[in-house]
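**Student:** Take a look at protein36.cif, mmCIF, C-alpha atoms:
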```
data_protein
#
loop_
_atom_site.label_atom_id
_atom_site.label_comp_id
_atom_site.auth_asym_id
_atom_site.auth_seq_id
_atom_site.Cartn_x
_atom_site.Cartn_y
_atom_site.Cartn_z
CA MET W 1 100.84 -24.46 -38.50
CA LYS W 2 98.92 -21.78 -40.38
CA ARG W 3 97.70 -24.42 -42.80
CA ILE W 4 96.32 -26.60 -39.98
CA ILE W 5 94.40 -23.64 -38.51
CA ILE W 6 92.84 -22.85 -41.92
CA ILE W 7 91.86 -26.50 -42.42
CA ALA W 8 90.40 -26.66 -38.91
CA ALA W 9 88.43 -23.43 -39.49
CA MET W 10 87.07 -24.76 -42.78
CA ALA W 11 86.10 -28.03 -41.10
CA LEU W 12 84.25 -26.14 -38.35
CA MET W 13 82.45 -23.99 -40.92
CA SER W 14 81.33 -27.02 -42.92
CA VAL W 15 80.16 -28.78 -39.73
CA SER W 16 78.16 -25.70 -38.70
CA ALA W 17 76.59 -25.54 -42.16
CA PHE W 18 75.34 -29.11 -41.74
CA ALA W 19 74.08 -28.31 -38.25
CA GLN W 20 71.50 -25.91 -39.71
CA LYS W 21 67.90 -26.79 -39.02
CA PHE W 22 65.65 -27.23 -42.05
CA ALA W 23 61.90 -27.55 -42.20
CA TYR W 24 59.15 -28.35 -44.65
CA VAL W 25 55.50 -27.48 -44.88
CA ASP W 26 52.53 -28.63 -46.96
CA PHE W 27 51.72 -25.15 -48.25
CA ASN W 28 48.91 -26.33 -50.54
CA GLU W 29 47.17 -28.06 -47.65
CA LEU W 30 47.35 -24.92 -45.54
CA VAL W 31 46.02 -22.67 -48.30
CA MET W 32 43.20 -25.05 -49.24
CA LEU W 33 42.06 -25.69 -45.66
CA ILE W 34 42.33 -22.23 -44.09
CA PRO W 35 38.82 -21.01 -43.18
CA GLU W 36 39.21 -17.87 -45.30
CA MET W 37 39.51 -20.09 -48.38
CA ASP W 38 35.99 -21.40 -47.75
CA GLU W 39 34.72 -17.82 -48.04
CA ALA W 40 36.74 -17.30 -51.22
CA ARG W 41 35.36 -20.51 -52.73
CA ALA W 42 31.80 -19.43 -51.89
CA THR W 43 32.35 -16.04 -53.54
CA LEU W 44 33.80 -17.71 -56.62
CA GLU W 45 30.89 -20.17 -56.80
CA GLU W 46 28.37 -17.31 -56.60
CA ASN W 47 30.20 -15.49 -59.36
CA GLN W 48 30.38 -18.64 -61.48
CA LYS W 49 26.65 -19.20 -61.05
CA THR W 50 25.89 -15.61 -62.10
CA ASN W 51 28.18 -15.99 -65.12
CA GLU W 52 26.43 -19.21 -66.12
CA GLU W 53 23.04 -17.49 -65.91
CA ILE W 54 24.26 -14.66 -68.14
CA LEU W 55 25.67 -17.09 -70.68
CA MET W 56 22.57 -19.28 -70.58
CA SER W 57 20.38 -16.27 -71.31
CA MET W 58 22.57 -15.34 -74.27
CA TYR W 59 22.62 -18.93 -75.51
CA GLU W 60 18.81 -19.10 -75.34
CA GLU W 61 18.62 -15.95 -77.47
CA TYR W 62 21.00 -17.58 -79.94
CA GLN W 63 18.94 -20.79 -80.00
CA THR W 64 15.71 -18.85 -80.55
CA LYS W 65 17.21 -16.95 -83.50
CA MET W 66 18.60 -20.17 -84.97
CA GLN W 67 15.23 -21.93 -84.71
CA GLN W 68 13.48 -18.98 -86.24
CA TYR W 69 15.98 -18.92 -89.08
CA GLU W 70 15.66 -22.67 -89.72
CA GLN W 71 11.86 -22.52 -89.73
CA LYS W 72 11.44 -19.44 -91.91
CA ALA W 73 14.57 -19.25 -94.07
CA ALA W 74 12.87 -20.92 -97.01
CA THR W 75 10.17 -18.23 -97.09
CA TRP W 76 12.52 -15.25 -96.77
CA THR W 77 14.14 -13.36 -99.55
CA GLN W 78 17.90 -13.55 -99.99
CA SER W 79 18.44 -10.14 -98.33
CA VAL W 80 16.33 -11.05 -95.27
CA ARG W 81 18.24 -14.34 -94.91
CA GLU W 82 21.54 -12.46 -95.04
CA ILE W 83 20.34 -9.99 -92.39
CA LYS W 84 19.20 -12.85 -90.14
CA GLU W 85 22.46 -14.75 -90.68
CA LYS W 86 24.40 -11.62 -89.75
CA GLU W 87 22.28 -11.25 -86.58
CA ILE W 88 22.97 -14.86 -85.63
CA MET W 89 26.71 -14.48 -86.21
CA GLU W 90 26.76 -11.29 -84.10
CA ILE W 91 24.95 -13.04 -81.25
CA GLN W 92 27.38 -15.95 -81.49
CA SER W 93 30.32 -13.55 -81.48
CA ARG W 94 28.95 -11.67 -78.44
CA LEU W 95 28.37 -14.98 -76.69
CA GLU W 96 31.99 -16.04 -77.26
CA GLN W 97 33.37 -12.64 -76.22
CA THR W 98 31.22 -12.56 -73.10
CA GLN W 99 32.29 -16.07 -72.18
CA GLN W 100 35.98 -15.14 -72.51
CA SER W 101 35.49 -11.90 -70.61
CA LEU W 102 33.61 -13.58 -67.76
CA GLN W 103 36.25 -16.30 -67.54
CA GLN W 104 39.03 -13.70 -67.32
CA GLU W 105 37.12 -11.76 -64.66
CA LEU W 106 36.61 -14.95 -62.66
CA GLN W 107 40.33 -15.75 -62.83
CA GLN W 108 41.19 -12.21 -61.71
CA LEU W 109 38.72 -12.49 -58.83
CA GLN W 110 40.25 -15.82 -57.82
CA GLN W 111 43.72 -14.29 -57.76
CA GLN W 112 42.42 -11.27 -55.85
CA LEU W 113 40.73 -13.46 -53.23
CA GLN W 114 43.65 -15.88 -52.89
CA ALA W 115 46.44 -13.29 -52.65
CA PRO W 116 45.77 -12.28 -49.01
CA ILE W 117 45.25 -15.93 -48.05
CA ILE W 118 48.57 -16.97 -49.55
CA GLU W 119 50.25 -14.00 -47.90
CA LYS W 120 48.74 -14.91 -44.52
CA VAL W 121 49.88 -18.54 -44.79
CA ASN W 122 53.33 -17.44 -45.90
CA ASN W 123 53.62 -15.01 -42.96
CA VAL W 124 52.60 -17.71 -40.46
CA VAL W 125 55.15 -20.16 -41.90
CA ASN W 126 57.85 -17.47 -41.78
CA GLU W 127 57.03 -16.61 -38.16
CA LEU W 128 57.11 -20.26 -37.13
CA ALA W 129 60.40 -20.82 -38.93
CA LYS W 130 62.00 -17.80 -37.26
CA ALA W 131 60.68 -18.83 -33.84
CA GLN W 132 62.21 -22.29 -34.22
CA GLY W 133 65.49 -21.05 -35.66
CA VAL W 134 64.97 -22.77 -38.99
CA ALA W 135 67.43 -21.88 -41.75
CA ALA W 136 65.09 -22.74 -44.64
CA VAL W 137 61.57 -24.02 -45.21
CA PHE W 138 60.78 -26.20 -48.20
CA GLU W 139 57.48 -27.12 -49.83
CA LYS W 140 56.68 -30.75 -49.05
CA ALA W 141 55.33 -31.41 -52.54
CA SER W 142 58.68 -30.57 -54.12
CA PHE W 143 60.48 -33.41 -52.32
CA LEU W 144 60.64 -36.95 -53.55
CA TYR W 145 61.75 -38.07 -50.11
CA VAL W 146 61.76 -36.42 -46.68
CA ASP W 147 63.50 -37.89 -43.65
CA GLU W 148 61.22 -36.50 -40.96
CA THR W 149 63.84 -37.22 -38.28
CA GLN W 150 66.16 -34.69 -39.87
CA MET W 151 63.68 -32.00 -40.85
CA VAL W 152 61.01 -30.15 -38.92
CA ASN W 153 57.42 -30.42 -40.19
CA LEU W 154 55.86 -26.99 -39.64
CA THR W 155 52.48 -27.99 -41.07
CA PRO W 156 50.83 -29.05 -37.76
CA GLU W 157 51.85 -25.84 -35.98
CA ALA W 158 50.84 -23.74 -38.98
CA ARG W 159 47.43 -25.47 -39.06
CA THR W 160 46.91 -24.48 -35.43
CA ALA W 161 48.08 -20.90 -36.02
CA LEU W 162 45.74 -20.60 -39.00
CA ASN W 163 42.73 -21.98 -37.06
CA ILE W 164 42.31 -25.00 -39.34
CA PRO W 165 40.10 -27.55 -37.55
CA GLU W 166 42.01 -30.61 -36.40
CA GLY W 167 40.03 -33.23 -38.31
CA ARG W 168 39.88 -31.29 -41.55
CA THR W 169 42.00 -32.70 -44.35
CA LEU W 170 42.20 -32.31 -48.09
CA GLU W 171 40.17 -35.53 -48.34
CA THR W 172 37.39 -34.21 -46.09
CA LEU W 173 37.39 -30.94 -48.05
CA GLN W 174 37.00 -32.86 -51.29
CA ALA W 175 34.15 -34.87 -49.78
CA GLU W 176 32.47 -31.62 -48.62
CA MET W 177 32.78 -30.14 -52.08
CA MET W 178 31.43 -33.29 -53.75
CA ALA W 179 28.45 -33.40 -51.37
CA LYS W 180 27.75 -29.73 -52.04
CA ALA W 181 27.92 -30.26 -55.80
CA GLN W 182 25.59 -33.26 -55.60
CA ALA W 183 23.14 -31.29 -53.45
CA ALA W 184 23.21 -28.44 -55.97
CA GLN W 185 22.45 -30.86 -58.83
CA GLY W 186 19.54 -32.33 -56.89
CA MET W 187 17.86 -28.94 -56.53
#
```
Can you present the structure in this file as structure tokens?
**Tutor:**
Amino acid sequence: MKRIIIIAAMALMSVSAFAQKFAYVDFNELVMLIPEMDEARATLEENQKTNEEILMSMYEEYQTKMQQYEQKAATWTQSVREIKEKEIMEIQSRLEQTQQSLQQELQQLQQQLQAPIIEKVNNVVNELAKAQGVAAVFEKASFLYVDETQMVNLTPEARTALNIPEGRTLETLQAEMMAKAQAAQGM
């Protein structure tokens, strides 16, 4: 009799484990489309443009020194050529160091700007999951297959909670970014 009760209890526990509600969300979509990310992208683009201007200025200095060296090297003494070569190598080294430094700063800025956005999206997903009594939320991209009849898709509700416009998709975002890039090239 005791054995039957234990088996019945185990059966009930396993049935209740399968009765758990699971959900999934397209986290990348939410992060990329949230309005705050547009502001972050604009800030990053401004920074990138400034960095390019700095590097271009340094590159022009390098080019000028190289042209001067090529034009006048034959008329200079060995010591003057060595001094000019050293100058050119120093400019090249500074250019490379500045490029690496600016790239690192841009990556740090990107992380700094994205951290609160990711946290906000994560908090909204957690709140929605708790409100719906969901046991676990999975990232849609990590699944090879999702049976939507057996899992809750939190993405639409999260989009609403995050004020993402209804018609905005990753495809429309990409089109916006392409149009902006083409407009910038045309200027």
**Student:** Carefully work through the PyMOL selection byres ((chain W and resi 22) around 6) for this structure and note down the residues it includes, as an MDAnalysis selection string.
**Tutor:** chainID W and resid 21 23 134:136 151
**Student:** In Å, rounded to a single decimal, give me how far atom CA of Asp26 of chain W is from atom CA of Ala158 of chain W.
**Tutor:**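 Separation of atom CA of Ala158 of chain W and atom CA of Asp26 of chain W: 9.5 Å.
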**Student:** Decode the PyMOL selection byres ((chain W and resi 53-61) around 8) for the given file into explicit residues and return them as a PDB file with C-alpha atoms, in the coordinates of the input.
**Tutor:**
```pdb
ATOM      1  CA  LYS W  49      26.650 -19.200 -61.050  1.00  0.00           C
ATOM      2  CA  THR W  50      25.890 -15.610 -62.100  1.00  0.00           C
ATOM      3  CA  ASN W  51      28.180 -15.990 -65.120  1.00  0.00           C
ATOM      4  CA  GLU W  52      26.430 -19.210 -66.120  1.00  0.00           C
ATOM      5  CA  TYR W  62      21.000 -17.580 -79.940  1.00  0.00           C
ATOM      6  CA  GLN W  63      18.940 -20.790 -80.000  1.00  0.00           C
ATOM      7  CA  THR W  64      15.710 -18.850 -80.550  1.00  0.00           C
ATOM      8  CA  LYS W  65      17.210 -16.950 -83.500  1.00  0.00           C
ATOM      9  CA  ILE W  91      24.950 -13.040 -81.250  1.00  0.00           C
ATOM     10  CA  LEU W  95      28.370 -14.980 -76.690  1.00  0.00           C
ATOM     11  CA  THR W  98      31.220 -12.560 -73.100  1.00  0.00           C
ATOM     12  CA  GLN W  99      32.290 -16.070 -72.180  1.00  0.00           C
TER      13      GLN W  99
END
```
**Student:** For atom CA of Tyr24 of chain W and atom CA of Asp147 of chain W, quote the distance in Å rounded to one decimal.
**Tutor:** 10.5 Å
**Student:** Quick one: distance from atom CA of Phe138 of chain W to atom CA of Thr172 of chain W in Å, one decimal?
**Tutor:**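 A separation of 24.8 Å between them.
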**Student:** For this structure, which residues satisfy the selection - the PyMOL selection byres ((chain W and resi 160) around 12) - when it is evaluated on the file as given? I want them as number ranges by chain.
**Tutor:** W: 30, 33-35, 121, 124-125, 128, 154-159, 161-168
**Student:** Can you tell me which residues surround Lys180 of chain W at a distance of at most 12 Å, considering only C-alpha atoms, apart from same-chain residues fewer than 5 positions away, and format the answer as a list of chain:residue names?
**Tutor:** W:Arg41, W:Ala42, W:Glu45, W:Leu173, W:Gln174, W:Ala175, W:Gln185, W:Gly186, W:Met187
**Student:** Pick the closest to Met32 of chain W from W:Glu119, W:Gln114, W:Val152, W:Ala183: which is it, counting all atoms listed in the file?
**Tutor:**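 Residue with the minimum atom-to-atom distance to Met32 of chain W: W:Gln114.
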**Student:** Near Asn122 of chain W, counting only C-alpha atoms, which residues have an atom at most 9 Å away, once you skip same-chain residues fewer than 5 positions from it, shown as number ranges by chain?
**Tutor:** W: 27, 117, 127
**Student:** Calculated over all atoms listed in the file, which of the candidates W:Gln68, W:Ser79, W:Ser93, W:Asn28 has the smallest distance to Lys140 of chain W?
**Tutor:**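 Smallest separation from Lys140 of chain W among the options: W:Asn28.
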**Student:** Adding 3 Å on each side of the box along x, y and z that holds all listed atoms of segment 49-62 of chain W, could you give its centre and edge lengths in Å to one decimal, as JSON?
**Tutor:**
```
{"center_x": 23.4, "center_y": -17.0, "center_z": -70.5, "size_x": 15.6, "size_y": 10.6, "size_z": 24.9}
```
